[in-house]
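A.B. asks: Just passing along the structure, written as structure tokens.
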Amino acid sequence: MSETPWRPTACILCECNCGIEVQLGGDDDRHLVRLRGDRAHPASRGYACEKAHRLDHYQNGRDRLLHPQRRRPDGTFETIDWDTAIREVAERLTRVRDDHGGSSIFYYGGGGQGNHLPGAYSLSTRRVLGSRYRSSALAQEKTGEFWVNERMLGGYTRGDFEHCEVAFFLGKNPWFSHSIPRARVTLREISRDPNRTLIVVDPRRTETAELADIHLQVKPGTDAWLMSALVAILCEGLVDEAFCAPDNVEGLDEVRARFADVPVAEYCAHAGVEEAQVREVAKRIAGASSVASFEDLGVQMNHHSTLVSYLHKLTWLLTGNLGKPGAQFFPTPLVAIADGKTKRNSPVTDARIVGGLVPCNAIADEILTDHPDRFRAMIVESANPAHSLADSPRIREALGALDTLVVIDVAMSETARLADYVLPAATQFEKAEATFFNLEFPNNYFHLRPPLFDAPEGPLPEAEIHARLVEAIQPFDPEPFDALRAAAEEGLERYAQVFMEKVAFDSKLNVIAPYVLYRTLGPSLPAGMASGAVLWGLALQCAAKFPASVARAGFEGSPMDAANAMFQAILDHPSGVVFAVDEWSEVRGRVGTPDKKIHLALEDLLDELTRLESGPPAADPAFPFTLSAGERRAFTANTIVRDPAWRKKDGGGALRLHPEDAAALGVAEGERVRLRTERGSVEVGVTIDPAMQPKHIALPNGMGLAGDDAGSGGIPANELTTTAHRDPFVGTPWHKNVPAHLERA
Ligand SMILES: Nc1nc2c(c(=O)[nH]1)N[C@H]1C(S)=C(S)[C@@H](COP(=O)(O)OP(=O)(O)OC[C@H]3O[C@@H](n4cnc5c(=O)[nH]c(N)nc54)[C@H](O)[C@@H]3O)O[C@H]1N2
Ligand SMILES: Nc1nc2c(c(=O)[nH]1)N[C@H]1C(S)=C(S)[C@@H](COP(=O)(O)OP(=O)(O)OC[C@H]3O[C@@H](n4cnc5c(=O)[nH]c(N)nc54)[C@H](O)[C@@H]3O)O[C@H]1N2
Ligand code: SF4
Ligand SMILES: [Mo]
């Protein structure tokens, strides 16, 4: 008997999207029965963590949606057919546009951890509706970092952890959250090697901190003081003068002058870290041949988040850690997921919009108002804002106040339950899918995954949903479409020619290119791969922008020839393919600021620095605990998997608590406490964790989904958070630092 074939795909539970191979089984052959890492995947090379083995809970999950749903006046849902759904959604959105302008239609989401093709196709729907504002989860985590990077460097950077001498993790626990390829292998290698140093800044002695050579166990919410002290020490004589020479780098003198005033000993004390240890870190960073560095939610969802992003960039820029092996680089993206540019502010609250993303914490206020420019309709796709945005009660109220809410999802999520129309999408194993988080160096890969099987009768890939919406909103002359379809049958070269003639310079068609590609190139692609059509356009943009990198990956010639070859290679490699090969010597040349220099002095953030002088605020006696609301653990994956049974451990999402606090409250392991914040109050079981600091408590993310038995599925963290608690520059929430009160239940 021949063995069941192993089919290549990817894990969709975090941004790494490790390549995996799957054996199908079950009575309908639609279950992901056995899984293993795919050795042919260019980045993960056979690696996968424990979560991937439980992916069948996503594919055959509770709450799966199979048919379009329409809300009845009494709030219940009825099943409708696709024609009715598309017609009515198009009518409702068109009416909002005609009455109030396309700007009043807001788009949220576009991709989770495993899928970004929906976001690409939604562009066409947004364009025909004239929708201008959008957002996604990035606007509650990365926008501060994007903005700082844009102004200092004119581009987004990542670190080369595989080759670094020193690895620096700031508010990040990659042992569980990954975000770098083969995280645990890389962490163990650094930890074991006596010549390499792993540095972790985290109030908790995390699994990553356990492996670290140096753990700066900062007091919660005080990273700004710690990082200012670190920068001040670097300025005292540890700066890489050659790297920071004035022909390349602006602002060194000003930074030196401003940090000369930082009282290092006092700031270390504020952060609860020994000055000697901070000095040791400064020396290690400055003395290393290379430092790779990663900041994440522990600081990005915390007090002074944008300031800390800035201080963080200063540590590795002052020490010359850009553009050499083991240091920071600018990845070559097949498509840039967001930039740090600021073009306009939000229409109602005038919030700063970074990379085109309205701050998540402003969204409710952009809806719940009688301002004429408020958002009145919303399309939510592949995201679950009713659960993931701060202050869930208020978000529910805002979503309920919209004229029309349309949700495109695979499951009846918390957000879908509030929608006027829910449009069911095929799962990520039932259609071609990909993510745009291509952030490797020097070899950057792209992975377009073929479907494992067809979708059941009912759900559609987002590309098809958007194509139908576009056609219902604004029908187009069929002539160019017929010509393009015929050309596609003759091959990519001919298609490219006709595309240049009919679409590239047509102002009506080129803005909806994803739709045009899907309808014309899509049908000629291999079975199940039509959703990949948009990648042809993206490959063309990439080949035009990074000709040398794509040529080194073997895609040579004119941008069009290179793009055709790249697109074909993407289709031909179901385990992923390297589409760009960079060189370290190119990195400095990719600094994208207007004058091509690195800018060390950002005035507004240097001014913010002076506001640290008064020290961290004292805890409010009414809320003596600091709650980190939304920690990544062994079995959390945002809200991608809905059945708590998928978790092998910690199904109830226990509150972590230091033994001292447990003793003071008189609670034992597994007993329940009442946890109260300014926003809400819940009862939750505790786990006693000596890795925590006293008075610091933590709840996991992605818990407490609608339909879970009370308590068994954990606490939805955002019932406890508020929107006012946010960064002054870009509005990112302080989810990791929520003042809280605890008592025995
Ligand atoms: N298992 C799992 N992995 C995931 C995800 C998931 O849901 N589950 N989600 C993915 C997503 S969307 C993201 S954005 C990433 C996030 O990845 P991470 O940012 O690594 O995730 P968190 O666990 O939320 O936060 C990281 C750390 O911040 C620390 N922290 C809390 N307060 C402070 C503080 O005041 N200062 C400092 N320095 N640190 C602090 C916490 O103790 C925690 O260890 O993970 C991705 N990977
Ligand atoms: N308090 C607190 N809040 C947080 C965080 C925290 O740490 N603390 N973390 C924040 C962060 S970093 C993030 S990234 C967000 C995550 O929150 P969101 O960005 O809102 O997204 P997810 O929870 O990942 O939900 C993804 C949705 O996509 C659906 N889905 C899965 N596959 C498909 C598909 O193929 N097509 C479609 N259309 N839908 C699909 C799933 O069913 C699910 O409803 O949460 C944020 N919220
Ligand atoms: S959850 Fe684990 S297996 Fe899945 S992509 Fe992330 S690191 Fe890879
Ligand atoms: Mo995230």
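Ligands are numbered from 1 in the order shown, residues from 1 within each chain, and chains are lettered A, B, ... in the order they appear in the structure tokens.
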Do you know which residues are within 6 Å of ligand 3 using only C-alpha atoms and all ligand atoms? Can you write them as a list in words?

C.D. replies: Cys11, Ile12, Leu13, Cys14, Cys16, Asn17, Cys18, Ala48, Cys49, Lys51, Ala52 and His178 of chain A

A.B. asks: Take the residues from that selection and put them in a file with C-alpha atoms, as a compact mmCIF listing (two decimals), in the first residue's frame.

C.D. replies:
# COMPACT_ATOMS: atom_id res chain seq x y z
CA CYS A 11 1.27 27.01 9.15
CA ILE A 12 -0.99 30.04 9.47
CA LEU A 13 -0.79 30.59 13.21
CA CYS A 14 1.94 33.22 13.33
CA CYS A 16 6.53 33.08 10.36
CA ASN A 17 4.29 30.87 8.21
CA CYS A 18 6.66 27.94 8.50
CA ALA A 48 7.70 23.93 13.04
CA CYS A 49 6.56 24.48 16.61
CA LYS A 51 1.07 24.68 17.48
CA ALA A 52 1.23 23.57 13.85
CA HIS A 178 8.56 33.44 17.25

A.B. asks: Name each residue within 7 Å of ligand 4, counting only C-alpha atoms and all ligand atoms, as a PyMOL selection string.

C.D. replies: chain A and resi 137-138+141

A.B. asks: Give me a file of those residues, with all heavy atoms, as a compact mmCIF listing (two decimals), in the first residue's frame.

C.D. replies:
# COMPACT_ATOMS: atom_id res chain seq x y z
N ALA A 137 -4.52 45.55 12.58
CA ALA A 137 -3.85 45.36 13.87
C ALA A 137 -2.49 46.05 13.92
O ALA A 137 -2.01 46.39 15.00
CB ALA A 137 -3.70 43.87 14.16
N LEU A 138 -1.87 46.27 12.77
CA LEU A 138 -0.56 46.94 12.79
C LEU A 138 -0.65 48.30 13.47
O LEU A 138 0.32 48.78 14.04
CB LEU A 138 -0.03 47.11 11.36
CG LEU A 138 0.41 45.83 10.65
CD1 LEU A 138 0.67 46.11 9.18
CD2 LEU A 138 1.65 45.25 11.32
N GLU A 141 0.17 48.12 17.10
CA GLU A 141 1.46 47.59 17.54
C GLU A 141 2.62 48.30 16.86
O GLU A 141 3.45 48.90 17.50
CB GLU A 141 1.51 46.06 17.34
CG GLU A 141 0.93 45.57 16.02
CD GLU A 141 1.11 44.08 15.78
OE1 GLU A 141 2.11 43.50 16.22
OE2 GLU A 141 0.26 43.48 15.10

A.B. asks: Within 7 Å of A:Pro331, counting only C-alpha atoms, which residues show up once you throw out same-chain ones fewer than 5 positions away? Write them as a PyMOL selection string, please.

C.D. replies: chain A and resi 157+439-441

A.B. asks: Could you name the residues that touch A:Leu492 at 12 Å or less, counting only C-alpha atoms, but leaving out those on the same chain fewer than 2 positions away, as a ChimeraX atom specification?

C.D. replies: /A:484-490,494-499,517,520-522,524-525,533,536-537,540,560-568

A.B. asks: Output N, CA, C and O atoms of each residue in that selection to a file, as a tab-separated table (two decimals), in the first residue's frame.

C.D. replies:
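Ended up saving to out06.tsv:
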chain	number	residue	atom	x	y	z
A	484	LEU	N	-7.66	40.51	-22.71
A	484	LEU	CA	-6.67	40.06	-21.73
A	484	LEU	C	-6.80	38.55	-21.48
A	484	LEU	O	-5.80	37.84	-21.36
A	485	ARG	N	-8.02	38.09	-21.41
A	485	ARG	CA	-8.23	36.65	-21.18
A	485	ARG	C	-7.66	35.84	-22.33
A	485	ARG	O	-6.99	34.82	-22.13
A	486	ALA	N	-7.91	36.32	-23.53
A	486	ALA	CA	-7.39	35.60	-24.70
A	486	ALA	C	-5.86	35.61	-24.67
A	486	ALA	O	-5.20	34.60	-24.94
A	487	ALA	N	-5.28	36.75	-24.31
A	487	ALA	CA	-3.82	36.85	-24.25
A	487	ALA	C	-3.25	35.90	-23.20
A	487	ALA	O	-2.21	35.27	-23.42
A	488	ALA	N	-3.92	35.81	-22.07
A	488	ALA	CA	-3.42	34.96	-20.99
A	488	ALA	C	-3.32	33.51	-21.46
A	488	ALA	O	-2.41	32.78	-21.05
A	489	GLU	N	-4.23	33.10	-22.31
A	489	GLU	CA	-4.19	31.73	-22.83
A	489	GLU	C	-2.93	31.50	-23.66
A	489	GLU	O	-2.46	30.38	-23.78
A	490	GLU	N	-2.39	32.59	-24.22
A	490	GLU	CA	-1.19	32.46	-25.05
A	490	GLU	C	0.10	32.52	-24.24
A	490	GLU	O	1.18	32.37	-24.78
A	494	ARG	N	2.65	37.34	-23.77
A	494	ARG	CA	1.58	37.99	-24.55
A	494	ARG	C	0.65	38.75	-23.58
A	494	ARG	O	0.22	39.87	-23.85
A	495	TYR	N	0.38	38.14	-22.47
A	495	TYR	CA	-0.51	38.79	-21.49
A	495	TYR	C	0.09	40.13	-21.05
A	495	TYR	O	-0.60	41.14	-20.96
A	496	ALA	N	1.39	40.09	-20.81
A	496	ALA	CA	2.07	41.31	-20.35
A	496	ALA	C	1.92	42.42	-21.38
A	496	ALA	O	1.64	43.58	-21.04
A	497	GLN	N	2.08	42.07	-22.65
A	497	GLN	CA	1.94	43.08	-23.70
A	497	GLN	C	0.56	43.71	-23.68
A	497	GLN	O	0.41	44.94	-23.69
A	498	VAL	N	-0.45	42.85	-23.66
A	498	VAL	CA	-1.82	43.37	-23.72
A	498	VAL	C	-2.14	44.16	-22.45
A	498	VAL	O	-2.84	45.17	-22.48
A	499	PHE	N	-1.59	43.69	-21.33
A	499	PHE	CA	-1.82	44.41	-20.07
A	499	PHE	C	-1.25	45.83	-20.16
A	499	PHE	O	-1.88	46.80	-19.75
A	517	LEU	N	-6.60	41.50	-12.90
A	517	LEU	CA	-5.71	40.33	-12.96
A	517	LEU	C	-6.47	39.06	-12.60
A	517	LEU	O	-6.33	38.02	-13.26
A	520	THR	N	-8.82	38.03	-15.43
A	520	THR	CA	-8.28	37.78	-16.77
A	520	THR	C	-7.09	36.80	-16.76
A	520	THR	O	-7.06	35.87	-17.55
A	521	LEU	N	-6.17	37.00	-15.83
A	521	LEU	CA	-5.05	36.05	-15.74
A	521	LEU	C	-5.45	34.83	-14.91
A	521	LEU	O	-5.03	33.70	-15.17
A	522	GLY	N	-6.29	35.07	-13.90
A	522	GLY	CA	-6.70	34.01	-12.99
A	522	GLY	C	-7.18	32.74	-13.69
A	522	GLY	O	-6.72	31.64	-13.37
A	524	SER	N	-6.48	31.38	-16.40
A	524	SER	CA	-5.48	30.58	-17.11
A	524	SER	C	-4.47	29.93	-16.16
A	524	SER	O	-3.61	29.17	-16.59
A	525	LEU	N	-4.57	30.22	-14.88
A	525	LEU	CA	-3.62	29.64	-13.92
A	525	LEU	C	-4.05	28.21	-13.57
A	525	LEU	O	-5.21	27.84	-13.77
A	533	ALA	N	-3.30	35.39	-8.98
A	533	ALA	CA	-3.08	36.27	-10.15
A	533	ALA	C	-2.49	37.62	-9.77
A	533	ALA	O	-1.63	38.16	-10.48
A	536	TRP	N	1.26	38.54	-10.01
A	536	TRP	CA	1.95	38.94	-11.23
A	536	TRP	C	2.22	40.45	-11.21
A	536	TRP	O	3.32	40.91	-11.50
A	537	GLY	N	1.20	41.20	-10.83
A	537	GLY	CA	1.37	42.66	-10.74
A	537	GLY	C	2.38	43.05	-9.67
A	537	GLY	O	3.18	43.96	-9.86
A	540	LEU	N	5.85	42.41	-10.79
A	540	LEU	CA	6.30	43.44	-11.72
A	540	LEU	C	6.81	44.67	-10.96
A	540	LEU	O	7.88	45.22	-11.26
A	560	MET	N	9.77	43.37	-16.99
A	560	MET	CA	8.66	42.52	-17.40
A	560	MET	C	9.11	41.06	-17.51
A	560	MET	O	8.44	40.15	-17.02
A	561	ASP	N	10.27	40.85	-18.15
A	561	ASP	CA	10.78	39.47	-18.27
A	561	ASP	C	11.06	38.88	-16.89
A	561	ASP	O	10.74	37.72	-16.60
A	562	ALA	N	11.68	39.71	-16.04
A	562	ALA	CA	12.02	39.22	-14.71
A	562	ALA	C	10.75	38.88	-13.94
A	562	ALA	O	10.67	37.85	-13.26
A	563	ALA	N	9.75	39.74	-14.06
A	563	ALA	CA	8.49	39.52	-13.33
A	563	ALA	C	7.79	38.26	-13.83
A	563	ALA	O	7.28	37.46	-13.03
A	564	ASN	N	7.79	38.07	-15.13
A	564	ASN	CA	7.16	36.86	-15.67
A	564	ASN	C	7.84	35.61	-15.13
A	564	ASN	O	7.19	34.65	-14.72
A	565	ALA	N	9.17	35.65	-15.13
A	565	ALA	CA	9.92	34.48	-14.66
A	565	ALA	C	9.70	34.27	-13.17
A	565	ALA	O	9.55	33.14	-12.69
A	566	MET	N	9.66	35.37	-12.43
A	566	MET	CA	9.46	35.27	-10.98
A	566	MET	C	8.08	34.72	-10.68
A	566	MET	O	7.91	33.81	-9.84
A	567	PHE	N	7.10	35.23	-11.36
A	567	PHE	CA	5.72	34.77	-11.14
A	567	PHE	C	5.60	33.28	-11.47
A	567	PHE	O	5.01	32.50	-10.71
A	568	GLN	N	6.22	32.88	-12.57
A	568	GLN	CA	6.18	31.46	-12.94
A	568	GLN	C	6.86	30.61	-11.87
A	568	GLN	O	6.36	29.54	-11.48

A.B. asks: Quick one: contact table of stretch 631-744 of chain A to stretch 108-112 of chain A, 12 Å max, nearest atom pair and distance in Å to one decimal per residue, counting only C-alpha atoms, chain and number order, as a tab-separated table?

C.D. replies:
residue	atom	partner	partner_atom	distance
A:Ala637	CA	A:Gly112	CA	10.3
A:Asn638	CA	A:Gly112	CA	8.9
A:Thr639	CA	A:Gly112	CA	9.5
A:Ile640	CA	A:Gly112	CA	8.1
A:Val641	CA	A:Gly112	CA	11.8

A.B. asks: For the residues in the current selection, export all heavy atoms as a tab-separated table (two decimals), in the first residue's frame.

C.D. replies:
chain	number	residue	atom	x	y	z
A	637	ALA	N	-3.02	31.87	19.59
A	637	ALA	CA	-2.78	32.28	18.21
A	637	ALA	C	-3.84	33.29	17.83
A	637	ALA	O	-4.74	33.02	17.03
A	637	ALA	CB	-2.81	31.08	17.26
A	638	ASN	N	-3.77	34.47	18.44
A	638	ASN	CA	-4.81	35.48	18.25
A	638	ASN	C	-6.18	34.79	18.33
A	638	ASN	O	-6.39	33.98	19.22
A	638	ASN	CB	-4.58	36.25	16.95
A	638	ASN	CG	-3.29	37.08	17.02
A	638	ASN	OD1	-2.69	37.21	18.08
A	638	ASN	ND2	-2.87	37.64	15.92
A	639	THR	N	-7.08	35.08	17.38
A	639	THR	CA	-8.36	34.34	17.42
A	639	THR	C	-8.52	33.49	16.16
A	639	THR	O	-9.61	33.30	15.64
A	639	THR	CB	-9.58	35.28	17.59
A	639	THR	OG1	-9.72	36.12	16.43
A	639	THR	CG2	-9.42	36.15	18.81
A	640	ILE	N	-7.41	32.95	15.70
A	640	ILE	CA	-7.45	32.18	14.45
A	640	ILE	C	-8.09	30.82	14.68
A	640	ILE	O	-8.81	30.30	13.82
A	640	ILE	CB	-6.02	32.03	13.89
A	640	ILE	CG1	-5.41	33.41	13.63
A	640	ILE	CG2	-6.03	31.20	12.60
A	640	ILE	CD1	-3.92	33.42	13.42
A	641	VAL	N	-7.83	30.21	15.84
A	641	VAL	CA	-8.48	28.94	16.18
A	641	VAL	C	-9.47	29.23	17.29
A	641	VAL	O	-9.12	29.85	18.30
A	641	VAL	CB	-7.45	27.90	16.66
A	641	VAL	CG1	-8.12	26.55	16.82
A	641	VAL	CG2	-6.28	27.81	15.70

A.B. asks: Write out as an MDAnalysis selection string each polymer residue (protein, DNA or RNA) that has an atom no more than 6 Å from ligand 1, with only C-alpha atoms and all ligand atoms counted.

C.D. replies: chainID A and resid 14 170:174 176:178 201:204 206 220:221 223 296:299 628 630:638 736

A.B. asks: Report as a PDB file with N, CA and C atoms, in the first residue's frame which protein, DNA and RNA residues come within 6 Å of ligand 2, using only C-alpha atoms and all ligand atoms.

C.D. replies:
ATOM      1  N   GLY A 112      -4.606  38.120   8.270  1.00  0.00           N
ATOM      2  CA  GLY A 112      -4.218  37.803   9.639  1.00  0.00           C
ATOM      3  C   GLY A 112      -2.752  37.419   9.634  1.00  0.00           C
ATOM      4  N   ALA A 137      -4.521  45.549  12.584  1.00  0.00           N
ATOM      5  CA  ALA A 137      -3.854  45.358  13.872  1.00  0.00           C
ATOM      6  C   ALA A 137      -2.490  46.047  13.922  1.00  0.00           C
ATOM      7  N   GLU A 141       0.175  48.116  17.105  1.00  0.00           N
ATOM      8  CA  GLU A 141       1.460  47.586  17.542  1.00  0.00           C
ATOM      9  C   GLU A 141       2.619  48.303  16.862  1.00  0.00           C
ATOM     10  N   GLU A 381     -12.386  42.367   7.220  1.00  0.00           N
ATOM     11  CA  GLU A 381     -11.988  41.159   6.503  1.00  0.00           C
ATOM     12  C   GLU A 381     -10.811  40.517   7.207  1.00  0.00           C
ATOM     13  N   SER A 382     -10.954  39.236   7.541  1.00  0.00           N
ATOM     14  CA  SER A 382      -9.841  38.505   8.121  1.00  0.00           C
ATOM     15  C   SER A 382      -9.295  39.199   9.365  1.00  0.00           C
ATOM     16  N   ALA A 383     -10.178  39.693  10.167  1.00  0.00           N
ATOM     17  CA  ALA A 383      -9.790  40.331  11.428  1.00  0.00           C
ATOM     18  C   ALA A 383     -10.999  40.283  12.344  1.00  0.00           C
ATOM     19  N   ASN A 384     -10.736  40.502  13.603  1.00  0.00           N
ATOM     20  CA  ASN A 384     -11.800  40.334  14.597  1.00  0.00           C
ATOM     21  C   ASN A 384     -11.772  41.489  15.601  1.00  0.00           C
ATOM     22  N   PRO A 385     -11.995  42.722  15.075  1.00  0.00           N
ATOM     23  CA  PRO A 385     -11.822  43.895  15.932  1.00  0.00           C
ATOM     24  C   PRO A 385     -12.743  43.917  17.149  1.00  0.00           C
ATOM     25  N   SER A 388     -10.357  42.187  19.320  1.00  0.00           N
ATOM     26  CA  SER A 388      -8.930  42.521  19.406  1.00  0.00           C
ATOM     27  C   SER A 388      -8.644  43.994  19.675  1.00  0.00           C
ATOM     28  N   LEU A 389      -9.647  44.864  19.577  1.00  0.00           N
ATOM     29  CA  LEU A 389      -9.396  46.282  19.842  1.00  0.00           C
ATOM     30  C   LEU A 389      -9.676  46.617  21.303  1.00  0.00           C
ATOM     31  N   ILE A 408     -16.139  39.652   6.293  1.00  0.00           N
ATOM     32  CA  ILE A 408     -15.708  38.539   5.456  1.00  0.00           C
ATOM     33  C   ILE A 408     -14.793  37.668   6.307  1.00  0.00           C
ATOM     34  N   ASP A 409     -15.224  36.459   6.627  1.00  0.00           N
ATOM     35  CA  ASP A 409     -14.465  35.620   7.563  1.00  0.00           C
ATOM     36  C   ASP A 409     -14.782  34.158   7.276  1.00  0.00           C
ATOM     37  N   VAL A 410     -13.942  33.292   7.800  1.00  0.00           N
ATOM     38  CA  VAL A 410     -14.219  31.851   7.685  1.00  0.00           C
ATOM     39  C   VAL A 410     -15.140  31.367   8.804  1.00  0.00           C
ATOM     40  N   ALA A 411     -15.237  32.175   9.876  1.00  0.00           N
ATOM     41  CA  ALA A 411     -15.959  31.718  11.066  1.00  0.00           C
ATOM     42  C   ALA A 411     -16.874  32.813  11.584  1.00  0.00           C
ATOM     43  N   SER A 413     -17.225  34.958  13.915  1.00  0.00           N
ATOM     44  CA  SER A 413     -16.387  35.575  14.948  1.00  0.00           C
ATOM     45  C   SER A 413     -17.215  36.532  15.800  1.00  0.00           C
ATOM     46  N   ALA A 425     -15.724  33.044   3.753  1.00  0.00           N
ATOM     47  CA  ALA A 425     -14.531  32.848   2.927  1.00  0.00           C
ATOM     48  C   ALA A 425     -14.089  31.389   3.003  1.00  0.00           C
ATOM     49  N   THR A 427     -11.337  28.599   3.599  1.00  0.00           N
ATOM     50  CA  THR A 427     -10.226  28.633   4.555  1.00  0.00           C
ATOM     51  C   THR A 427      -8.897  28.732   3.805  1.00  0.00           C
ATOM     52  N   GLN A 428      -7.836  28.936   4.567  1.00  0.00           N
ATOM     53  CA  GLN A 428      -6.520  29.090   3.950  1.00  0.00           C
ATOM     54  C   GLN A 428      -5.981  27.776   3.402  1.00  0.00           C
ATOM     55  N   ALA A 629      -2.178  42.626  29.448  1.00  0.00           N
ATOM     56  CA  ALA A 629      -3.406  42.028  28.920  1.00  0.00           C
ATOM     57  C   ALA A 629      -3.151  41.507  27.510  1.00  0.00           C
ATOM     58  N   GLY A 630      -2.765  40.239  27.424  1.00  0.00           N
ATOM     59  CA  GLY A 630      -2.596  39.671  26.093  1.00  0.00           C
ATOM     60  C   GLY A 630      -1.219  39.113  25.816  1.00  0.00           C
ATOM     61  N   GLU A 631      -0.793  38.182  26.653  1.00  0.00           N
ATOM     62  CA  GLU A 631       0.542  37.590  26.507  1.00  0.00           C
ATOM     63  C   GLU A 631       0.494  36.401  25.528  1.00  0.00           C
ATOM     64  N   ASN A 638      -3.769  34.468  18.444  1.00  0.00           N
ATOM     65  CA  ASN A 638      -4.811  35.483  18.253  1.00  0.00           C
ATOM     66  C   ASN A 638      -6.175  34.794  18.331  1.00  0.00           C
ATOM     67  N   THR A 639      -7.081  35.076  17.380  1.00  0.00           N
ATOM     68  CA  THR A 639      -8.360  34.339  17.419  1.00  0.00           C
ATOM     69  C   THR A 639      -8.515  33.485  16.159  1.00  0.00           C
ATOM     70  N   ILE A 640      -7.412  32.953  15.700  1.00  0.00           N
ATOM     71  CA  ILE A 640      -7.445  32.178  14.452  1.00  0.00           C
ATOM     72  C   ILE A 640      -8.093  30.817  14.683  1.00  0.00           C
ATOM     73  N   ASN A 701      -3.452  36.247  25.292  1.00  0.00           N
ATOM     74  CA  ASN A 701      -4.259  36.890  24.239  1.00  0.00           C
ATOM     75  C   ASN A 701      -5.164  35.870  23.552  1.00  0.00           C
ATOM     76  N   ALA A 717      -9.339  39.702  26.706  1.00  0.00           N
ATOM     77  CA  ALA A 717      -8.537  40.720  27.397  1.00  0.00           C
ATOM     78  C   ALA A 717      -9.097  42.125  27.228  1.00  0.00           C
ATOM     79  N   ASN A 718      -9.716  42.403  26.091  1.00  0.00           N
ATOM     80  CA  ASN A 718     -10.109  43.790  25.851  1.00  0.00           C
ATOM     81  C   ASN A 718     -11.423  44.199  26.518  1.00  0.00           C
ATOM     82  N   HIS A 735      -1.700  48.058  26.180  1.00  0.00           N
ATOM     83  CA  HIS A 735      -2.290  46.796  26.654  1.00  0.00           C
ATOM     84  C   HIS A 735      -1.412  46.073  27.670  1.00  0.00           C
TER      85      HIS A 735
END

A.B. asks: Between A:Ala569, A:Ala167, A:Ala472, A:Ala269, which is the closest to A:Gln217 once you count only C-alpha atoms?

C.D. replies: A:Ala269

A.B. asks: Tell me which protein, DNA and RNA residues are within 10 Å of stretch 358-369 of chain A, counting only C-alpha atoms, leaving out same-chain ones fewer than 3 positions away, and put them as an MDAnalysis selection string.

C.D. replies: chainID A and resid 104 106 108 133:141 143 344:355 372:378 385 388:392 394:402 722:727 730:733

A.B. asks: Closest to A:Asp620 among A:Glu678, A:Asp240, A:Glu165, A:Glu274, using only C-alpha atoms?

C.D. replies: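 Closest to A:Asp620, using only C-alpha atoms: A:Glu678.
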
A.B. asks: Using DSSP on the backbone coordinates, identify the residues of stretch 199-422 of chain A assigned to strand (DSSP E or B); present them as a VMD selection string.

C.D. replies: chain A and resid 199 to 201 214 to 216 249 to 250 291 to 295 322 328 to 329 345 352 354 357 377 to 381 404 to 409 411 421 to 422

A.B. asks: Enumerate the residues of stretch 581-642 of chain A with a DSSP assignment of alpha helix (DSSP H), computed from the backbone, and present them as a PyMOL selection string.

C.D. replies: chain A and resi 603-610

A.B. asks: Would you save the residues from that selection as a PDB file, in the first residue's frame, using C-alpha atoms?

C.D. replies:
ATOM      1  CA  GLU A 603      13.115  66.710  17.855  1.00  0.00           C
ATOM      2  CA  ASP A 604       9.680  65.741  19.090  1.00  0.00           C
ATOM      3  CA  LEU A 605      11.003  62.563  20.658  1.00  0.00           C
ATOM      4  CA  LEU A 606      14.009  64.296  22.160  1.00  0.00           C
ATOM      5  CA  ASP A 607      11.521  66.702  23.732  1.00  0.00           C
ATOM      6  CA  GLU A 608       9.558  63.742  25.045  1.00  0.00           C
ATOM      7  CA  LEU A 609      12.782  62.541  26.633  1.00  0.00           C
ATOM      8  CA  THR A 610      12.823  65.580  28.906  1.00  0.00           C
TER       9      THR A 610
END

A.B. asks: Quick one: of A:Ile86, A:Leu216, A:Ile697, A:Leu307, who's nearest to A:Gly144, counting only C-alpha atoms?

C.D. replies: A:Leu307

A.B. asks: Using 8 Å as the limit and counting only C-alpha atoms, can you tabulate each residue of stretch 118-177 of chain A that touches stretch 572-593 of chain A, with its shortest atom-to-atom distance in Å and the two atoms involved, as JSON lines?

C.D. replies:
{"residue": "A:Glu150", "atom": "CA", "partner": "A:Thr593", "partner_atom": "CA", "distance": 7.3}
{"residue": "A:Arg151", "atom": "CA", "partner": "A:Thr593", "partner_atom": "CA", "distance": 6.8}
{"residue": "A:Met152", "atom": "CA", "partner": "A:Thr593", "partner_atom": "CA", "distance": 7.3}
{"residue": "A:Leu153", "atom": "CA", "partner": "A:Val591", "partner_atom": "CA", "distance": 5.3}
{"residue": "A:Gly154", "atom": "CA", "partner": "A:Gly592", "partner_atom": "CA", "distance": 3.9}
{"residue": "A:Gly155", "atom": "CA", "partner": "A:Gly592", "partner_atom": "CA", "distance": 5.9}

A.B. asks: From the list A:Ala544, A:Leu32, A:Met703, A:Leu571, which residue is nearest A:Pro526 when using only C-alpha atoms?

C.D. replies: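 Closest candidate: A:Leu571.
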
A.B. asks: Rounded to one decimal in Å, what is the spacing between atom CA of A:Leu35 and atom CA of A:Glu414?

C.D. replies: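 Interatomic distance, atom CA of A:Leu35 to atom CA of A:Glu414: 29.3 Å.
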
A.B. asks: Using only C-alpha atoms, which residues of stretch 290-409 of chain A come within 9 Å of stretch 737-742 of chain A, and what is the closest atom pair for each, with the distance in Å to one decimal? Give it as JSON lines, sorted by chain and residue number.

C.D. replies:
{"residue": "A:Gly298", "atom": "CA", "partner": "A:Asn737", "partner_atom": "CA", "distance": 8.9}
{"residue": "A:Met301", "atom": "CA", "partner": "A:Asn737", "partner_atom": "CA", "distance": 7.8}
{"residue": "A:Asn302", "atom": "CA", "partner": "A:Asn737", "partner_atom": "CA", "distance": 5.9}
{"residue": "A:His303", "atom": "CA", "partner": "A:Asn737", "partner_atom": "CA", "distance": 7.4}
